[in-house]
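What follows is the content of final_3.cif, which has mmCIF, C-alpha atoms and all ligand atoms:
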data_start
#
loop_
_atom_site.label_atom_id
_atom_site.label_comp_id
_atom_site.auth_asym_id
_atom_site.auth_seq_id
_atom_site.Cartn_x
_atom_site.Cartn_y
_atom_site.Cartn_z
CA MET A 72 39.43 -26.34 -45.27
CA THR A 73 42.48 -24.29 -44.41
CA ALA A 74 42.33 -22.63 -41.04
CA GLN A 75 43.62 -19.13 -40.71
CA HIS A 76 45.93 -18.48 -37.82
CA THR A 77 46.58 -14.84 -37.29
CA ILE A 78 49.08 -14.39 -34.57
CA LEU A 79 49.04 -11.29 -32.46
CA LEU A 80 52.76 -11.16 -31.87
CA VAL A 81 53.42 -8.67 -29.12
CA GLY A 82 56.87 -7.51 -28.15
CA GLU A 83 58.62 -4.26 -27.42
CA SER A 84 61.70 -3.13 -29.28
CA ASN A 85 64.79 -5.34 -29.16
CA VAL A 86 63.08 -8.47 -27.83
CA GLY A 87 63.93 -10.52 -30.93
CA LYS A 88 60.79 -10.42 -33.08
CA THR A 89 62.57 -9.99 -36.41
CA HIS A 90 65.19 -12.66 -35.74
CA TYR A 91 62.58 -15.13 -34.55
CA GLY A 92 60.46 -14.41 -37.63
CA ALA A 93 63.42 -14.94 -39.95
CA GLN A 94 64.60 -18.11 -38.22
CA PHE A 95 61.02 -19.45 -38.18
CA LEU A 96 60.64 -18.77 -41.87
CA LYS A 97 63.94 -20.46 -42.63
CA ARG A 98 62.85 -23.52 -40.64
CA LEU A 99 59.59 -23.69 -42.61
CA MET A 100 61.55 -23.53 -45.85
CA VAL A 101 64.05 -26.27 -45.07
CA LYS A 102 61.17 -28.52 -43.96
CA ALA A 103 62.92 -30.25 -41.10
CA CYS A 104 60.48 -29.24 -38.35
CA ALA A 105 57.00 -30.01 -37.06
CA LEU A 106 55.66 -27.23 -39.27
CA LYS A 107 56.54 -27.01 -42.95
CA MET A 108 55.83 -24.58 -45.74
CA SER A 109 53.14 -26.12 -47.92
CA GLY A 110 52.76 -23.48 -50.63
CA ALA A 111 54.12 -20.15 -51.75
CA PRO A 112 54.60 -17.64 -48.94
CA THR A 113 53.76 -14.02 -49.68
CA ASN A 114 55.10 -10.69 -48.49
CA LEU A 115 58.51 -11.90 -47.39
CA GLU A 116 60.18 -8.48 -47.76
CA ALA A 117 60.17 -7.91 -44.02
CA PHE A 118 62.41 -10.90 -43.52
CA THR A 119 64.62 -10.96 -46.62
CA THR A 120 67.32 -8.70 -45.18
CA ALA A 121 67.31 -10.61 -41.91
CA LEU A 122 67.54 -13.90 -43.79
CA SER A 123 70.52 -12.82 -45.83
CA CYS A 124 72.32 -11.38 -42.79
CA LEU A 125 71.80 -14.64 -40.90
CA THR A 126 73.07 -16.67 -43.85
CA GLU A 127 76.30 -14.69 -43.57
CA GLY A 128 76.38 -15.19 -39.81
CA LYS A 129 75.43 -11.62 -38.91
CA SER A 130 72.51 -10.09 -37.07
CA THR A 131 70.17 -7.58 -38.64
CA ASP A 132 69.02 -4.06 -37.79
CA HIS A 133 66.29 -2.71 -35.61
CA THR A 134 62.98 -2.46 -37.52
CA PRO A 135 62.01 1.20 -38.16
CA ALA A 136 59.42 2.40 -35.66
CA ASN A 137 56.70 3.21 -38.20
CA ILE A 138 56.79 -0.10 -40.06
CA TYR A 139 54.11 -2.78 -39.78
CA VAL A 140 54.02 -5.58 -42.32
CA GLU A 141 52.43 -8.99 -42.39
CA SER A 142 53.68 -12.08 -44.19
CA ALA A 143 51.38 -14.96 -45.04
CA TRP A 144 52.85 -18.44 -44.78
CA PRO A 145 50.89 -21.50 -45.89
CA ILE A 146 51.90 -24.22 -43.46
CA ALA A 147 51.16 -27.85 -42.72
CA ASP A 148 51.94 -29.98 -39.70
CA GLU A 149 52.88 -33.65 -39.52
CA ALA A 150 49.25 -34.72 -39.12
CA GLY A 151 48.38 -32.99 -42.41
CA ARG A 152 46.59 -30.02 -40.86
CA HIS A 153 46.88 -26.96 -43.06
CA ALA A 154 46.76 -23.37 -42.02
CA GLU A 155 47.76 -19.97 -43.19
CA LEU A 156 49.98 -18.32 -40.65
CA VAL A 157 49.92 -14.55 -40.69
CA TRP A 158 53.14 -13.35 -39.11
CA PRO A 159 53.82 -9.65 -38.50
CA ASP A 160 57.01 -7.66 -38.19
CA TYR A 161 57.07 -4.14 -36.85
CA GLY A 162 59.08 -1.61 -34.88
CA GLY A 163 58.61 -2.48 -31.22
CA GLU A 164 58.20 1.18 -30.19
CA GLN A 165 54.59 0.84 -31.34
CA VAL A 166 53.89 -1.53 -28.48
CA ARG A 167 55.46 0.71 -25.89
CA ASN A 168 53.52 3.68 -27.29
CA LEU A 169 50.21 1.86 -26.86
CA VAL A 170 50.80 1.84 -23.12
CA MET A 171 52.61 5.12 -22.69
CA GLN A 172 50.16 7.14 -24.77
CA ARG A 173 47.10 5.14 -23.67
CA ARG A 174 45.76 5.28 -27.21
CA ILE A 175 45.19 2.40 -29.55
CA PRO A 176 45.44 3.20 -33.27
CA ALA A 177 42.63 1.74 -35.38
CA ALA A 178 45.02 -0.63 -37.16
CA TRP A 179 46.07 -2.19 -33.85
CA ARG A 180 42.46 -2.51 -32.78
CA GLU A 181 41.75 -4.60 -35.87
CA ARG A 182 44.79 -6.78 -35.28
CA VAL A 183 43.66 -7.52 -31.76
CA LEU A 184 40.15 -8.41 -32.90
CA GLU A 185 41.34 -10.61 -35.77
CA ALA A 186 43.96 -12.59 -33.91
CA SER A 187 43.31 -16.23 -33.11
CA ASP A 188 46.22 -16.47 -30.69
CA TRP A 189 48.37 -14.09 -28.73
CA VAL A 190 52.11 -14.59 -28.49
CA LEU A 191 53.99 -12.31 -26.12
CA LEU A 192 57.76 -12.01 -26.34
CA ILE A 193 59.61 -10.97 -23.19
CA ARG A 194 63.39 -10.57 -22.99
CA LEU A 195 64.04 -10.94 -19.27
CA HIS A 196 67.69 -10.02 -19.59
CA SER A 197 66.89 -6.46 -20.64
CA LEU A 198 64.16 -5.79 -18.06
CA ARG A 199 65.02 -3.83 -14.97
CA SER A 200 64.78 -5.77 -11.77
CA GLU A 201 62.71 -3.94 -9.23
CA ASP A 202 63.89 -2.75 -5.89
CA ASP A 203 61.46 -3.59 -3.18
CA LEU A 204 61.36 -4.21 0.54
CA PHE A 205 63.02 -7.56 0.04
CA SER A 206 65.97 -6.36 -2.02
CA ARG A 207 66.74 -3.07 -0.29
CA PRO A 208 66.82 -2.04 3.35
CA LEU A 209 63.89 0.05 4.53
CA GLN A 210 66.08 3.09 5.25
CA SER A 211 66.78 3.59 1.56
CA PHE A 212 63.05 4.05 0.91
CA ALA A 213 62.79 6.50 3.77
CA ALA A 214 65.71 8.44 2.31
CA THR A 215 64.04 8.86 -1.08
CA GLU A 216 60.89 10.21 0.52
CA THR A 217 62.73 13.06 2.14
CA GLN A 218 64.37 14.11 -1.09
CA GLU A 219 62.99 17.33 -2.42
CA ALA A 220 62.20 16.53 -6.02
CA ALA A 221 60.69 13.07 -6.33
CA PRO A 222 61.74 11.36 -9.56
CA ALA A 223 59.07 11.35 -12.26
CA TYR A 224 56.74 8.39 -11.88
CA GLU A 225 57.31 5.61 -14.35
CA PRO A 226 55.64 2.24 -14.13
CA SER A 227 57.93 -0.73 -13.59
CA ASP A 228 58.66 -2.99 -16.54
CA GLN A 229 56.30 -5.68 -15.36
CA ALA A 230 53.55 -3.17 -14.55
CA ARG A 231 53.88 -1.90 -18.11
CA ILE A 232 53.43 -5.40 -19.53
CA VAL A 233 50.40 -6.05 -17.31
CA GLU A 234 48.98 -2.73 -18.42
CA LEU A 235 49.51 -3.68 -22.05
CA LEU A 236 47.67 -6.97 -21.61
CA GLN A 237 44.85 -5.17 -19.78
CA MET A 238 44.51 -2.73 -22.67
CA LEU A 239 44.41 -5.52 -25.24
CA LEU A 240 41.87 -7.47 -23.22
CA TYR A 241 39.69 -4.42 -22.82
CA LEU A 242 39.90 -3.68 -26.50
CA ALA A 243 38.85 -7.18 -27.45
CA GLN A 244 35.95 -6.91 -24.95
CA PHE A 245 36.42 -10.30 -23.41
CA HIS A 246 34.43 -11.19 -20.35
CA LEU A 247 36.90 -11.76 -17.62
CA ASP A 248 34.51 -13.23 -15.09
CA ARG A 249 36.11 -16.56 -15.94
CA PRO A 250 39.68 -17.23 -17.13
CA LEU A 251 39.97 -17.10 -20.91
CA ARG A 252 40.42 -20.15 -23.10
CA LYS A 253 40.58 -18.19 -26.38
CA PRO A 254 42.59 -16.40 -27.52
CA ARG A 255 45.28 -18.60 -26.08
CA LEU A 256 48.25 -16.86 -24.58
CA THR A 257 51.79 -18.05 -25.27
CA ILE A 258 54.68 -16.31 -23.56
CA LEU A 259 58.11 -16.71 -25.12
CA LEU A 260 61.06 -15.76 -22.92
CA SER A 261 63.34 -14.66 -25.72
CA CYS A 262 67.13 -14.69 -25.93
CA TRP A 263 67.04 -17.57 -23.44
CA ASP A 264 70.76 -18.24 -24.05
CA GLU A 265 71.59 -14.93 -22.33
CA LEU A 266 69.93 -16.02 -19.10
CA GLU A 267 72.26 -18.95 -18.47
CA THR A 268 69.70 -20.66 -16.32
CA THR A 269 68.50 -24.21 -15.78
CA GLU A 270 65.15 -23.14 -14.36
CA LEU A 271 61.90 -24.14 -16.04
CA PRO A 272 60.50 -21.25 -18.13
CA PRO A 273 57.24 -20.86 -16.13
CA ASN A 274 59.15 -20.94 -12.83
CA LEU A 275 61.61 -18.35 -14.04
CA LEU A 276 58.80 -16.06 -15.15
CA ALA A 277 57.04 -16.55 -11.82
CA SER A 278 60.14 -15.65 -9.87
CA ARG A 279 61.29 -12.74 -12.01
CA LEU A 280 57.94 -11.13 -12.84
CA PRO A 281 55.57 -12.39 -10.12
CA MET A 282 52.90 -9.74 -10.64
CA LEU A 283 52.70 -10.43 -14.37
CA TRP A 284 52.59 -14.17 -13.79
CA SER A 285 49.79 -13.86 -11.30
CA PHE A 286 47.83 -11.60 -13.67
CA VAL A 287 48.29 -14.04 -16.54
CA ARG A 288 47.30 -17.06 -14.47
CA SER A 289 44.15 -15.46 -13.20
CA ASN A 290 43.00 -14.40 -16.67
CA TRP A 291 43.88 -17.39 -18.87
CA THR A 292 43.03 -21.03 -18.29
CA CYS A 293 46.30 -22.40 -19.60
CA PRO A 294 48.93 -19.86 -20.46
CA ALA A 295 52.05 -21.53 -21.88
CA VAL A 296 55.56 -20.31 -21.17
CA PHE A 297 58.52 -21.34 -23.34
CA GLY A 298 62.16 -20.33 -23.44
CA LEU A 299 63.17 -19.20 -26.93
CA SER A 300 66.64 -18.74 -28.29
CA ALA A 301 66.08 -17.96 -31.96
CA LEU A 302 69.80 -17.50 -32.59
CA GLU A 303 71.38 -19.69 -29.89
CA ARG A 304 74.07 -17.09 -29.34
CA ALA A 305 74.73 -13.41 -29.83
CA LEU A 306 75.65 -12.35 -33.37
CA SER A 307 77.35 -9.16 -34.42
CA LYS A 308 76.03 -6.83 -37.12
CA THR A 309 79.45 -6.44 -38.66
CA GLU A 310 81.56 -9.51 -37.94
CA ALA A 311 80.37 -12.75 -39.45
CA ASP A 312 80.11 -15.86 -37.29
CA LEU A 313 81.88 -18.38 -39.49
CA GLU A 314 80.20 -21.44 -38.04
CA TYR A 315 76.82 -19.89 -38.77
CA ALA A 316 77.84 -19.11 -42.30
CA THR A 317 79.12 -22.63 -42.93
CA ARG A 318 76.46 -24.73 -41.24
CA GLY A 319 73.51 -22.45 -42.03
CA PRO A 320 71.31 -20.46 -39.61
CA GLU A 321 68.74 -23.29 -39.52
CA GLU A 322 71.23 -25.34 -37.50
CA PHE A 323 71.04 -22.81 -34.67
CA GLY A 324 68.38 -21.82 -32.19
CA TYR A 325 66.22 -23.79 -29.79
CA ILE A 326 63.11 -23.85 -27.69
CA VAL A 327 62.87 -24.81 -24.04
CA LEU A 328 59.50 -26.45 -23.44
CA PRO A 329 57.57 -25.57 -20.26
CA ASP A 330 58.81 -28.82 -18.68
CA GLY A 331 62.44 -27.89 -19.38
CA VAL A 332 63.08 -30.15 -22.41
CA LYS A 333 65.26 -28.39 -24.98
CA LYS A 334 64.41 -28.89 -28.69
CA PRO A 335 65.96 -27.45 -31.83
CA ASP A 336 62.50 -27.10 -33.42
CA ILE A 337 61.61 -23.45 -32.86
CA THR A 338 58.24 -23.92 -34.61
CA LEU A 339 56.89 -25.98 -31.67
CA PRO A 340 55.11 -23.19 -29.74
CA ILE A 341 53.13 -22.34 -32.88
CA GLN A 342 52.57 -25.95 -33.93
CA ARG A 343 50.92 -26.47 -30.56
CA LEU A 344 48.38 -23.80 -31.47
CA MET A 345 47.28 -25.78 -34.51
CA VAL A 346 46.52 -28.95 -32.60
CA ASP A 347 43.10 -28.18 -31.26
CA GLY A 348 42.11 -25.85 -34.04
CA ILE A 349 40.71 -22.41 -33.70
N1 LIG A 401 71.85 -13.85 -27.72
C1 LIG A 401 70.78 -13.73 -28.50
N2 LIG A 401 70.53 -12.57 -29.12
C2 LIG A 401 69.43 -12.49 -29.89
C3 LIG A 401 68.55 -13.59 -30.08
N3 LIG A 401 67.53 -13.18 -30.89
C4 LIG A 401 67.79 -11.89 -31.21
N4 LIG A 401 68.92 -11.47 -30.60
C5 LIG A 401 69.52 -10.13 -30.69
O1 LIG A 401 68.65 -9.23 -30.06
C6 LIG A 401 68.60 -7.98 -30.75
C7 LIG A 401 67.18 -7.62 -31.08
O2 LIG A 401 66.61 -8.55 -31.99
P1 LIG A 401 65.52 -8.11 -33.08
O3 LIG A 401 64.98 -9.38 -33.69
O4 LIG A 401 66.06 -7.09 -33.98
O5 LIG A 401 64.43 -7.44 -32.12
P2 LIG A 401 63.03 -6.81 -32.53
O6 LIG A 401 62.05 -7.26 -31.49
O7 LIG A 401 62.71 -7.11 -33.94
O8 LIG A 401 63.31 -5.27 -32.30
P3 LIG A 401 62.63 -4.02 -33.09
O9 LIG A 401 62.84 -4.25 -34.53
O10 LIG A 401 63.37 -2.85 -32.55
O11 LIG A 401 61.19 -4.00 -32.68
C8 LIG A 401 69.51 -8.15 -31.97
O12 LIG A 401 70.74 -7.55 -31.69
C9 LIG A 401 69.68 -9.65 -32.10
O13 LIG A 401 70.94 -9.97 -32.62
C10 LIG A 401 68.86 -14.81 -29.42
O14 LIG A 401 68.16 -15.82 -29.52
N5 LIG A 401 69.98 -14.82 -28.65
MG MG A 402 62.55 -5.93 -35.58
#
Rewrite the coordinates I just gave you, this time as structure tokens.
Ligand SMILES: Nc1nc2c(ncn2[C@@H]2O[C@H](COP(=O)(O)OP(=O)(O)OP(=O)(O)O)[C@@H](O)[C@H]2O)c(=O)[nH]1
Ligand SMILES: [Mg+2]
Amino acid sequence: MTAQHTILLVGESNVGKTHYGAQFLKRLMVKACALKMSGAPTNLEAFTTALSCLTEGKSTDHTPANIYVESAWPIADEAGRHAELVWPDYGGEQVRNLVMQRRIPAAWRERVLEASDWVLLIRLHSLRSEDDLFSRPLQSFAATETQEAAPAYEPSDQARIVELLQMLLYLAQFHLDRPLRKPRLTILLSCWDELETTELPPNLLASRLPMLWSFVRSNWTCPAVFGLSALERALSKTEADLEYATRGPEEFGYIVLPDGVKKPDITLPIQRLMVDGI
């Protein structure tokens, strides 16, 4: 029997969803990783432009806000387990709108209910770091209070991500009296190369987004945190990276496992989800 793995891939705009999808697909095709393509994939349109840009050593465009497409990839792992991986690509504004408008479109409701695993992409480099009592002297807070027009309230970046997870959990109607085992939660800290850090991914998340980390740890039994660099380095949309073009995009990109080990196999976080079935 072939298991169906529908991934709820959650990430705001510009976190790297499309490039990860394209690099993942390429890895499946060249069959050098823990997961391999074992049949004919369908609905590849979402990734064809990205794939051809990467082959030339260029990066691809932002996905239009109204697009949502799913590709189906028949995959097998080294132990012979088969699954169909349903991998989405969409404009990341949709995710931000879920939180900002506090409304979940019916299509997103279904996706949440159907998903066997949740994968959350976070690009730490583009999140704002918060000012708090530890990073700013108290006087500066006092000064803002006396200002006449208070700036419009906007939740912090990490509050917005917590809010998003709360909404998804509510929608799926899970009982949160005990930490969840299913759906499993995988957090990918994307564009890891930009961070230039030697910290372990879970420790970095805990230190940069402590409120989110504490929320995640109290609601899931074993959340996994990986570093992901789908491209390994920044690419331009217009100027080709010659090394990329010569060696092929599948030679670039890596994963940092929760224990800090770096591997070129970017399929590993998903392969792990196949191990103990659904
Ligand atoms: N340095 C670096 N840049 C990356 C990496 N992955 C993606 N990028 C860049 O990050 C930007 C956003 O990547 P996308 O894959 O388009 O992001 P997205 O989540 O699909 O964004 P939307 O389509 O707007 O939802 C692009 O300019 C990529 O070139 C990476 O691993 N390292
Ligand atoms: Mg995209």
* Asked: If we count only C-alpha atoms, what is near Pro335 (chain A) at a cut-off of 7 Å, once residues fewer than 6 positions away on the same chain are taken out, given as a list in words?
  ->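 My list of contacting residues is Gly324, Tyr325 and Ile326 of chain A.
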* **Non-local contacts of Pro159 (chain A) (8 Å; only C-alpha atoms; under 4 positions in same chain excluded) as a VMD selection string** => chain A and resid 78 to 80 139 to 142
* **Point-to-point distance from CA of His90 (chain A) to CA of Thr317 (chain A), Å rounded to tenths** =>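 If I compute the distance from CA of His90 (chain A) to CA of Thr317 (chain A), I get 18.6 Å.
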* To do: Pick out the residues no farther than 8 Å from ligand MG 402 (chain A), counting all atoms listed in the file, and list them as a count of residues only.
  => 14
* **Shell of 9 Å around region 229-236 of chain A, only C-alpha atoms, local chain residues under 4 positions omitted, as a ChimeraX atom specification** => /A:166-167,169-171,198-199,240-241,280-283,286-287
* Near-region 113-119 of chain A list (6 Å; only C-alpha atoms; drop same-chain fewer than 2 positions) as a list in words ->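 Final neighbour list, sorted by chain and number: Ala93, Ala121, Leu122, Ser142 and Ala143 of chain A.
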* Structure fact -> The distance between CA of Ala177 (chain A) and CA of Leu242 (chain A) is 10.8 Å
* Asked: What is the CA of Ser278 (chain A)-CA of Trp291 (chain A) distance in Å, reported with one decimal?
  -> 18.7 Å
* Selection near Lys97 (chain A), 10 Å with only C-alpha atoms, sequence-local residues under 5 positions removed, as a ChimeraX atom specification -> /A:91-92,102-103,107-108,118,122,125-126,319-321
* **Using all atoms listed in the file: which of A:Arg279, A:Ile341, A:Arg98, A:Leu191 has the shortest distance to Glu155 (chain A)** =>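 Using all atoms listed in the file, Glu155 (chain A) sits closest to A:Ile341.
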